[in-house]
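Presented below is the structure to which this report refers.
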There are 2 protein chains.
Amino acid sequence: MIASRLEQVHGAMDRLQIDGFLVLTEENRRYLSGFTGEDHHFDESAGALLITAERLVLATDTRFELQAKHEAPDYELVIYRDGFAKSLAELVQRFTIRRLGFECVRVSVQQFDQWRKTLKEEGATPEWVPLEDLVEQFRQIKSPEEIERTRRALALAEEAFLEVLKEMRPGMTEIAVAWDLERRMREAGADALSFPPIVAAGPNSALPHAIPSDRPIGTGEPILFDWGAKLNGYCSDTSRTVILGDADDTFRKVHDTVLEAQRRAIAAIRAGASSKVVDAEARDFIHQQGFEGKFGHGLGHGTGLAVHEAPRLSPLRDTPLEAGMLVTVEPGIYLPEWGGVRIENQVVVGEDGPIVLNRLATHWEALSG
Amino acid sequence: MIASRLEQVHGAMDRLQIDGFLVLTEENRRYLSGFTGEDHHFDESAGALLITAERLVLATDTRFELQAKHEAPDYELVIYRDGFAKSLAELVQRFTIRRLGFECVRVSVQQFDQWRKTLKEEGATPEWVPLEDLVEQFRQIKSPEEIERTRRALALAEEAFLEVLKEMRPGMTEIAVAWDLERRMREAGADALSFPPIVAAGPNSALPHAIPSDRPIGTGEPILFDWGAKLNGYCSDTSRTVILGDADDTFRKVHDTVLEAQRRAIAAIRAGASSKVVDAEARDFIHQQGFEGKFGHGLGHGTGLAVHEAPRLSPLRDTPLEAGMLVTVEPGIYLPEWGGVRIENQVVVGEDGPIVLNRLATHWEALSG
């Protein structure tokens, strides 16, 4: 699997006429080598790959030595003891790299200045070529194994959610419910969360990116969940909106509208469809039902090793969908002060139509019952 | 409190002759404004502060609008709807900023190129001045309130550890024990962890930055814990090494040596002492006892809003300690294959000597008993 990914990268390097490619982003390192070392802070790094036509190097520090050896057997290991830049200088000279591509999204201005300075001092003066989305573009198309991993992450997360629903009572805070969900996903074996869970009730659910608060959840108000588990590196991402007690007419109307919008968008997904057209299927329906301006975000995004990746489903981008892409479909309606409803599934783009990965019911009545 | 911090910043801006300062790092934003919005990924941001001699602006997006208003009342709020760079261009022109300082550790090469391009298109062409450690340098000296917050974070983390010790049995995996510790800190009200806990037994404890594994913990082997809780923004950071069953002579000798090294280093801490000399107190003793080359990391580091901050206690840096600095003191001895022992406390630099914030016993016998 890694061999075919490297073939794509080598092809791109040829086209770009770069003879070295520095892979700095955690997910791309893993995708191209199998190495799962994590960067825990924006200015820390578990290492870098240096790819040339002939050589595959994984440069890391002693903390990751055993792990790297075990996980990335295709790569020769370089352990840097005097900092990454000195090792890089040495490698650039040894491999005679003239044009060095690097992932410019994952190097700070400070670090880049230091690297250039150190390399120059060591006599290495490659031409630095900033690259954007090179590996990300390949990561859009998932292999059957990647889809299967996503399916498992999703199953774990859905199971945890059903257990949380059984325990949820009026008066519990959003924070307590969010923690219950996190705890269950972690104890069920998730590597990590895809992101901190959103549990937002009543007015708080009107914020698409609400942060759980210590407000007690009441009856008769929308309770919006958005959560995901990471398992074997792959992220799930789901939303459901439920209610405790009786639903009023507003909730029924809003929920039905979002659900039908989602159904229409999913039905439009197939290889060759435009991302913009799929978005419009949901958005136009929401507008027709009298909720113009109440769906203020894009319809969906790719998931994989990262929870947000290409492609985007949005009114702003016209990407032709390809078979094997894996996207969320998550329309929502947000009414300030009242609250919001969002429903999100994960869908694979098939040659002839959509393949929904979720097993969980979408309707609040099915979930509450 | 924020007023006196801003006074320091304004003083530095005068000296550097910059008329605008862009604060991008999460901890520095919080330190200078009270805004606690978090960046969950290296290429996401909860916002930026723009400080001039006369104006204080917090620029963020709609997700954080209410929170920012509530937490940072001293700042005028700018909500960017067309991206941060467009708002920045507008502010730079409105405030006639000619030299714009920015935290270059927290901007990627990609982002910086985009910002410059957008500002130029909008007709704003400030001179960009990369700044390093400007706020970090002020953050080194803690106020009594910051020390009190650290003390509370520490108390929470120590309490959780004692509960974990009561439950720990041979045969439990490192991962299970680490999760137990994490769960207890979170349920006791920690905002977050300072970092993922290290629980490393036997050979794994010989790695200073070990990652918990699924290896069952045995009797008679060192079990190294390194963990911390974040509470009200402040980080605790502690290490202890314990044992299940009987300790052999190696463990006793190594543990006693580390403990005495720590005692000596702590005794040397006071305002005016050199960071290098404090490090040498521990390091020299460890070498004298026959463990030359077995203590391969620095003695300690500052803690605060970040778990690793200035100053560093290391053989490589000669920083004069100042009253109000807050540092870890964490000597260790690591014997490949056998394992390692590290003991870490948090210590405030007092005018006349050290103030240890930990309440937890350091000796394994006291902890096991």
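Here, A, B, ... name the chains of the structure tokens in the order displayed, residue numbers run from 1 inside each chain, and ligands are numbered from 1 in the same displayed order.
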
Where in stretch 110-298 of chain B does DSSP assign alpha helix (DSSP H), given as a ChimeraX atom specification? /B:110-121,134-139,144-167,174-187,249-267,275-286

Put those residues in a file: C-alpha atoms, as a short mmCIF file (atom, residue, chain, number, x, y, z; two decimals), in the first residue's frame.
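Okay, out_10.cif is ready:
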data_model
loop_
_atom_site.label_atom_id
_atom_site.label_comp_id
_atom_site.auth_asym_id
_atom_site.auth_seq_id
_atom_site.Cartn_x
_atom_site.Cartn_y
_atom_site.Cartn_z
CA GLN B 110 2.24 29.19 4.02
CA GLN B 111 0.08 31.44 6.18
CA PHE B 112 2.63 34.23 6.28
CA ASP B 113 2.85 34.31 2.50
CA GLN B 114 -0.94 34.50 2.30
CA TRP B 115 -1.14 37.28 4.88
CA ARG B 116 1.46 39.38 3.11
CA LYS B 117 -0.26 38.87 -0.22
CA THR B 118 -3.70 39.78 1.12
CA LEU B 119 -2.43 42.84 2.98
CA LYS B 120 -0.63 44.06 -0.12
CA GLU B 121 -3.78 43.58 -2.22
CA LEU B 134 8.73 38.65 23.94
CA VAL B 135 5.78 37.70 26.14
CA GLU B 136 7.40 34.41 27.17
CA GLN B 137 10.11 36.39 28.91
CA PHE B 138 7.54 38.22 31.05
CA ARG B 139 5.65 35.01 31.75
CA PRO B 144 1.21 34.99 43.74
CA GLU B 145 -2.09 34.16 42.04
CA GLU B 146 -0.34 32.17 39.32
CA ILE B 147 1.59 30.24 41.94
CA GLU B 148 -1.62 29.55 43.83
CA ARG B 149 -3.26 28.23 40.67
CA THR B 150 -0.31 25.95 40.05
CA ARG B 151 -0.53 24.71 43.62
CA ARG B 152 -4.18 23.79 43.10
CA ALA B 153 -3.50 22.01 39.80
CA LEU B 154 -0.74 20.10 41.57
CA ALA B 155 -2.97 19.13 44.50
CA LEU B 156 -5.59 17.77 42.10
CA ALA B 157 -2.99 15.74 40.18
CA GLU B 158 -1.35 14.38 43.34
CA GLU B 159 -4.69 13.28 44.76
CA ALA B 160 -5.54 11.41 41.55
CA PHE B 161 -2.13 9.70 41.61
CA LEU B 162 -2.64 8.46 45.18
CA GLU B 163 -5.97 6.93 44.17
CA VAL B 164 -4.34 5.22 41.19
CA LEU B 165 -1.61 3.78 43.39
CA LYS B 166 -4.24 2.22 45.66
CA GLU B 167 -5.78 0.41 42.70
CA GLU B 174 0.77 0.71 31.44
CA ILE B 175 -2.01 2.01 29.18
CA ALA B 176 -4.73 0.97 31.62
CA VAL B 177 -2.98 2.67 34.53
CA ALA B 178 -2.36 5.82 32.44
CA TRP B 179 -6.02 5.95 31.52
CA ASP B 180 -7.04 5.50 35.15
CA LEU B 181 -4.86 8.48 36.05
CA GLU B 182 -6.22 10.60 33.21
CA ARG B 183 -9.82 9.72 34.03
CA ARG B 184 -9.39 10.64 37.69
CA MET B 185 -7.80 14.01 36.89
CA ARG B 186 -10.54 14.85 34.39
CA GLU B 187 -13.33 13.77 36.73
CA ASP B 249 19.54 -3.29 45.51
CA THR B 250 19.77 -1.65 42.09
CA PHE B 251 16.41 0.05 42.54
CA ARG B 252 17.32 1.20 46.06
CA LYS B 253 20.66 2.58 44.97
CA VAL B 254 19.30 4.34 41.85
CA HIS B 255 16.30 5.76 43.67
CA ASP B 256 18.34 7.03 46.61
CA THR B 257 20.80 8.67 44.22
CA VAL B 258 18.09 10.48 42.26
CA LEU B 259 16.40 11.61 45.44
CA GLU B 260 19.62 13.00 46.91
CA ALA B 261 20.44 14.68 43.58
CA GLN B 262 17.04 16.34 43.65
CA ARG B 263 17.49 17.44 47.28
CA ARG B 264 20.84 19.06 46.46
CA ALA B 265 19.51 20.87 43.39
CA ILE B 266 16.46 22.18 45.22
CA ALA B 267 18.64 23.40 48.11
CA SER B 275 20.45 27.76 36.33
CA LYS B 276 23.61 25.95 35.29
CA VAL B 277 24.89 25.69 38.84
CA VAL B 278 21.57 24.30 40.06
CA ASP B 279 21.69 21.70 37.27
CA ALA B 280 25.28 20.81 38.21
CA GLU B 281 24.30 20.15 41.83
CA ALA B 282 22.19 17.21 40.71
CA ARG B 283 24.27 16.13 37.73
CA ASP B 284 27.62 16.05 39.53
CA PHE B 285 26.21 13.98 42.37
CA ILE B 286 24.70 11.47 39.93
#

Counting only C-alpha atoms, which residues of chain A sit at most 9 Å from some atom of chain B, and what is each one's closest atom pair with its distance in Å to one decimal, listed by chain and rising residue number, as CSV?
residue,atom,partner,partner_atom,distance
A:His40,CA,B:Phe195,CA,8.1
A:His41,CA,B:Phe42,CA,7.7
A:Phe42,CA,B:Phe42,CA,5.2
A:Asp43,CA,B:Val105,CA,7.4
A:Thr62,CA,B:Leu207,CA,8.7
A:Arg63,CA,B:His209,CA,5.9
A:Phe64,CA,B:Ala210,CA,8.9
A:Glu103,CA,B:Gln110,CA,8.5
A:Cys104,CA,B:Gln110,CA,5.1
A:Val105,CA,B:Gln110,CA,5.1
A:Arg106,CA,B:Ser108,CA,6.1
A:Val107,CA,B:Ser108,CA,5.2
A:Ser108,CA,B:Ser108,CA,4.0
A:Val109,CA,B:Val109,CA,5.3
A:Gln110,CA,B:Cys104,CA,5.1
A:Gln111,CA,B:Val105,CA,7.1
A:Phe112,CA,B:Val109,CA,7.5
A:Pro130,CA,B:Gln110,CA,7.7
A:Leu131,CA,B:Gln110,CA,8.7
A:Glu132,CA,B:Gln110,CA,8.0
A:Trp179,CA,B:Glu187,CA,8.4
A:Arg183,CA,B:Arg183,CA,7.7
A:Arg186,CA,B:Trp179,CA,8.5
A:Glu187,CA,B:Trp179,CA,8.4
A:Phe195,CA,B:His40,CA,8.1
A:Pro196,CA,B:His40,CA,8.9
A:Leu207,CA,B:Arg63,CA,7.0
A:Pro208,CA,B:Arg63,CA,7.6
A:His209,CA,B:Arg63,CA,5.9
A:Ala210,CA,B:Arg63,CA,7.1
A:Ile211,CA,B:Arg63,CA,8.9

Selection above as a file: N, CA, C and O atoms, as a CSV table (one decimal), in the first residue's frame:
chain,number,residue,atom,x,y,z
A,40,HIS,N,2.7,16.7,19.7
A,40,HIS,CA,1.8,17.1,20.7
A,40,HIS,C,1.6,18.6,20.8
A,40,HIS,O,0.7,19.1,21.6
A,41,HIS,N,2.4,19.4,20.2
A,41,HIS,CA,2.3,20.9,20.3
A,41,HIS,C,2.7,21.5,19.0
A,41,HIS,O,3.5,20.9,18.2
A,42,PHE,N,2.2,22.7,18.7
A,42,PHE,CA,2.5,23.3,17.4
A,42,PHE,C,4.0,23.4,17.2
A,42,PHE,O,4.5,23.4,16.0
A,43,ASP,N,4.8,23.6,18.2
A,43,ASP,CA,6.2,23.7,18.0
A,43,ASP,C,7.0,22.5,18.4
A,43,ASP,O,8.2,22.6,18.7
A,62,THR,N,15.6,10.4,19.6
A,62,THR,CA,15.7,9.1,20.3
A,62,THR,C,14.4,8.6,20.9
A,62,THR,O,14.2,7.4,21.0
A,63,ARG,N,13.5,9.6,21.3
A,63,ARG,CA,12.2,9.2,21.9
A,63,ARG,C,11.5,8.2,21.0
A,63,ARG,O,10.7,7.3,21.5
A,64,PHE,N,11.6,8.3,19.7
A,64,PHE,CA,10.8,7.6,18.7
A,64,PHE,C,11.6,6.5,18.0
A,64,PHE,O,11.1,5.8,17.1
A,103,GLU,N,6.6,20.9,3.1
A,103,GLU,CA,5.2,21.2,3.4
A,103,GLU,C,5.2,22.5,4.2
A,103,GLU,O,5.4,22.5,5.4
A,104,CYS,N,4.9,23.6,3.5
A,104,CYS,CA,5.0,24.9,4.1
A,104,CYS,C,3.9,25.2,5.1
A,104,CYS,O,4.0,26.2,5.8
A,105,VAL,N,2.9,24.4,5.2
A,105,VAL,CA,1.8,24.6,6.2
A,105,VAL,C,2.3,24.2,7.6
A,105,VAL,O,1.7,24.5,8.6
A,106,ARG,N,3.4,23.4,7.6
A,106,ARG,CA,3.8,22.8,8.9
A,106,ARG,C,5.2,23.3,9.4
A,106,ARG,O,5.9,22.6,10.2
A,107,VAL,N,5.7,24.4,8.8
A,107,VAL,CA,6.9,25.0,9.3
A,107,VAL,C,6.6,26.5,9.7
A,107,VAL,O,6.0,27.2,8.9
A,108,SER,N,7.1,26.9,10.8
A,108,SER,CA,6.8,28.3,11.2
A,108,SER,C,7.9,29.1,10.6
A,108,SER,O,9.0,28.7,10.2
A,109,VAL,N,7.6,30.4,10.5
A,109,VAL,CA,8.5,31.4,10.0
A,109,VAL,C,9.8,31.3,10.8
A,109,VAL,O,10.9,31.4,10.3
A,110,GLN,N,9.7,31.2,12.1
A,110,GLN,CA,10.9,31.1,13.0
A,110,GLN,C,11.8,29.9,12.6
A,110,GLN,O,13.0,30.0,12.4
A,111,GLN,N,11.1,28.7,12.6
A,111,GLN,CA,11.8,27.5,12.3
A,111,GLN,C,12.5,27.5,10.9
A,111,GLN,O,13.6,27.1,10.7
A,112,PHE,N,11.8,28.0,9.9
A,112,PHE,CA,12.3,28.1,8.6
A,112,PHE,C,13.5,28.9,8.5
A,112,PHE,O,14.5,28.6,7.8
A,130,PRO,N,8.3,25.7,-1.6
A,130,PRO,CA,7.1,25.4,-0.7
A,130,PRO,C,6.0,24.7,-1.4
A,130,PRO,O,5.6,25.0,-2.6
A,131,LEU,N,5.5,23.6,-0.8
A,131,LEU,CA,4.5,22.8,-1.5
A,131,LEU,C,3.2,22.8,-0.6
A,131,LEU,O,3.3,22.8,0.6
A,132,GLU,N,2.1,22.8,-1.3
A,132,GLU,CA,0.8,22.8,-0.6
A,132,GLU,C,-0.1,21.6,-1.1
A,132,GLU,O,-0.2,21.4,-2.3
A,179,TRP,N,-18.4,14.5,28.7
A,179,TRP,CA,-17.3,13.7,29.3
A,179,TRP,C,-17.7,12.2,29.3
A,179,TRP,O,-16.9,11.3,29.0
A,183,ARG,N,-15.4,9.5,27.7
A,183,ARG,CA,-14.9,8.3,28.5
A,183,ARG,C,-15.3,7.0,27.9
A,183,ARG,O,-14.5,6.1,27.8
A,186,ARG,N,-13.1,6.3,24.8
A,186,ARG,CA,-11.7,6.0,25.2
A,186,ARG,C,-11.7,4.6,25.8
A,186,ARG,O,-10.8,3.8,25.5
A,187,GLU,N,-12.7,4.3,26.6
A,187,GLU,CA,-12.6,2.9,27.3
A,187,GLU,C,-13.0,1.8,26.3
A,187,GLU,O,-12.6,0.7,26.5
A,195,PHE,N,-12.1,14.9,17.8
A,195,PHE,CA,-12.1,16.3,18.3
A,195,PHE,C,-12.9,16.3,19.6
A,195,PHE,O,-13.6,15.4,19.9
A,196,PRO,N,-12.8,17.4,20.4
A,196,PRO,CA,-13.6,17.4,21.7
A,196,PRO,C,-15.0,17.3,21.3
A,196,PRO,O,-15.5,18.1,20.5
A,207,LEU,N,-25.2,27.6,18.1
A,207,LEU,CA,-23.8,27.8,17.6
A,207,LEU,C,-23.2,26.6,17.0
A,207,LEU,O,-23.1,25.5,17.6
A,208,PRO,N,-22.9,26.6,15.7
A,208,PRO,CA,-22.4,25.4,15.0
A,208,PRO,C,-21.2,24.8,15.7
A,208,PRO,O,-21.1,23.6,15.6
A,209,HIS,N,-20.3,25.6,16.3
A,209,HIS,CA,-19.2,25.0,17.0
A,209,HIS,C,-19.2,25.2,18.5
A,209,HIS,O,-18.3,25.6,19.1
A,210,ALA,N,-20.4,25.0,19.0
A,210,ALA,CA,-20.6,25.2,20.5
A,210,ALA,C,-19.6,24.5,21.3
A,210,ALA,O,-19.1,23.4,21.0
A,211,ILE,N,-19.2,25.1,22.5
A,211,ILE,CA,-18.4,24.4,23.4
A,211,ILE,C,-19.3,24.0,24.6
A,211,ILE,O,-20.1,24.8,25.1

Report, in Å with one decimal, the straight-line distance from atom CA of A:Glu7 to atom CA of A:Ser33.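 Here the two named atoms are 12.7 Å from each other.
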
Skipping near chain neighbours, those fewer than 5 positions away, what residues fall within 7 Å of A:Glu127 using only C-alpha atoms, listed as a list in words? Arg98, Arg99 and Leu100 of chain A

Go ahead and save the picked residues with C-alpha atoms, as a PDB file, in the first residue's frame.
ATOM      1  CA  ARG A  98      19.188  20.788  -5.444  1.00  0.00           C
ATOM      2  CA  ARG A  99      15.460  21.558  -5.264  1.00  0.00           C
ATOM      3  CA  LEU A 100      13.959  20.659  -1.893  1.00  0.00           C
TER       4      LEU A 100
END

Can you tell me which residues surround A:Asp246 at a distance of at most 9 Å, considering only C-alpha atoms, apart from same-chain residues fewer than 2 positions away, and format the answer as a PDB file with N, CA, C and O atoms, in the first residue's frame?
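The resulting file, result32.pdb, is shown below:
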ATOM      1  N   THR A 219     -35.803  19.764  29.413  1.00  0.00           N
ATOM      2  CA  THR A 219     -36.687  18.995  28.532  1.00  0.00           C
ATOM      3  C   THR A 219     -37.201  19.901  27.415  1.00  0.00           C
ATOM      4  O   THR A 219     -37.276  21.117  27.571  1.00  0.00           O
ATOM      5  N   GLY A 220     -37.545  19.270  26.309  1.00  0.00           N
ATOM      6  CA  GLY A 220     -38.190  19.997  25.216  1.00  0.00           C
ATOM      7  C   GLY A 220     -37.273  20.905  24.421  1.00  0.00           C
ATOM      8  O   GLY A 220     -37.744  21.689  23.609  1.00  0.00           O
ATOM      9  N   GLU A 221     -35.962  20.821  24.640  1.00  0.00           N
ATOM     10  CA  GLU A 221     -35.050  21.667  23.859  1.00  0.00           C
ATOM     11  C   GLU A 221     -34.146  20.780  23.001  1.00  0.00           C
ATOM     12  O   GLU A 221     -33.842  19.652  23.379  1.00  0.00           O
ATOM     13  N   ILE A 243     -33.848  15.000  21.813  1.00  0.00           N
ATOM     14  CA  ILE A 243     -34.637  15.810  22.738  1.00  0.00           C
ATOM     15  C   ILE A 243     -35.016  14.948  23.942  1.00  0.00           C
ATOM     16  O   ILE A 243     -35.148  13.731  23.804  1.00  0.00           O
ATOM     17  N   LEU A 244     -35.121  15.552  25.100  1.00  0.00           N
ATOM     18  CA  LEU A 244     -35.666  14.856  26.269  1.00  0.00           C
ATOM     19  C   LEU A 244     -37.080  15.399  26.486  1.00  0.00           C
ATOM     20  O   LEU A 244     -37.277  16.617  26.459  1.00  0.00           O
ATOM     21  N   ASP A 248     -41.723  20.172  20.412  1.00  0.00           N
ATOM     22  CA  ASP A 248     -42.772  21.085  19.944  1.00  0.00           C
ATOM     23  C   ASP A 248     -42.755  21.152  18.415  1.00  0.00           C
ATOM     24  O   ASP A 248     -41.928  20.502  17.757  1.00  0.00           O
TER      25      ASP A 248
END

Would you list the contacts of A:Leu66 as an mmCIF file with C-alpha atoms, in the first residue's frame, taking every protein, DNA or RNA residue within 12 Å and counting only C-alpha atoms, but skipping same-chain residues closer than 4 positions in sequence?
data_model
loop_
_atom_site.group_PDB
_atom_site.id
_atom_site.type_symbol
_atom_site.label_atom_id
_atom_site.label_comp_id
_atom_site.auth_asym_id
_atom_site.auth_seq_id
_atom_site.Cartn_x
_atom_site.Cartn_y
_atom_site.Cartn_z
ATOM 1 C CA PHE A 35 5.148 5.873 11.402
ATOM 2 C CA THR A 36 2.533 6.975 13.957
ATOM 3 C CA GLY A 37 4.644 9.388 16.047
ATOM 4 C CA THR A 60 13.379 11.534 14.267
ATOM 5 C CA ASP A 61 14.811 11.793 17.777
ATOM 6 C CA THR A 62 15.692 9.123 20.319
ATOM 7 C CA HIS A 70 9.133 -1.091 14.005
ATOM 8 C CA GLU A 71 6.515 0.925 12.151
ATOM 9 C CA ALA A 72 8.431 2.200 9.117
ATOM 10 C CA PRO A 73 10.645 -0.690 7.969
ATOM 11 C CA LEU A 77 16.283 5.803 10.165
ATOM 12 C CA VAL A 78 18.279 8.929 11.004
ATOM 13 C CA ILE A 79 18.266 9.894 14.668
ATOM 14 C CA ASN B 204 10.185 1.078 29.075
ATOM 15 C CA LEU B 207 13.121 5.981 27.981
ATOM 16 C CA ALA B 210 8.249 6.690 27.175
ATOM 17 C CA ILE B 211 4.808 6.095 25.681
#

Using only C-alpha atoms, which of A:Met325, A:Ala361, A:Leu193, A:Val199 sits nearest A:Val347?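 Distance minimum relative to A:Val347 lands on A:Met325.
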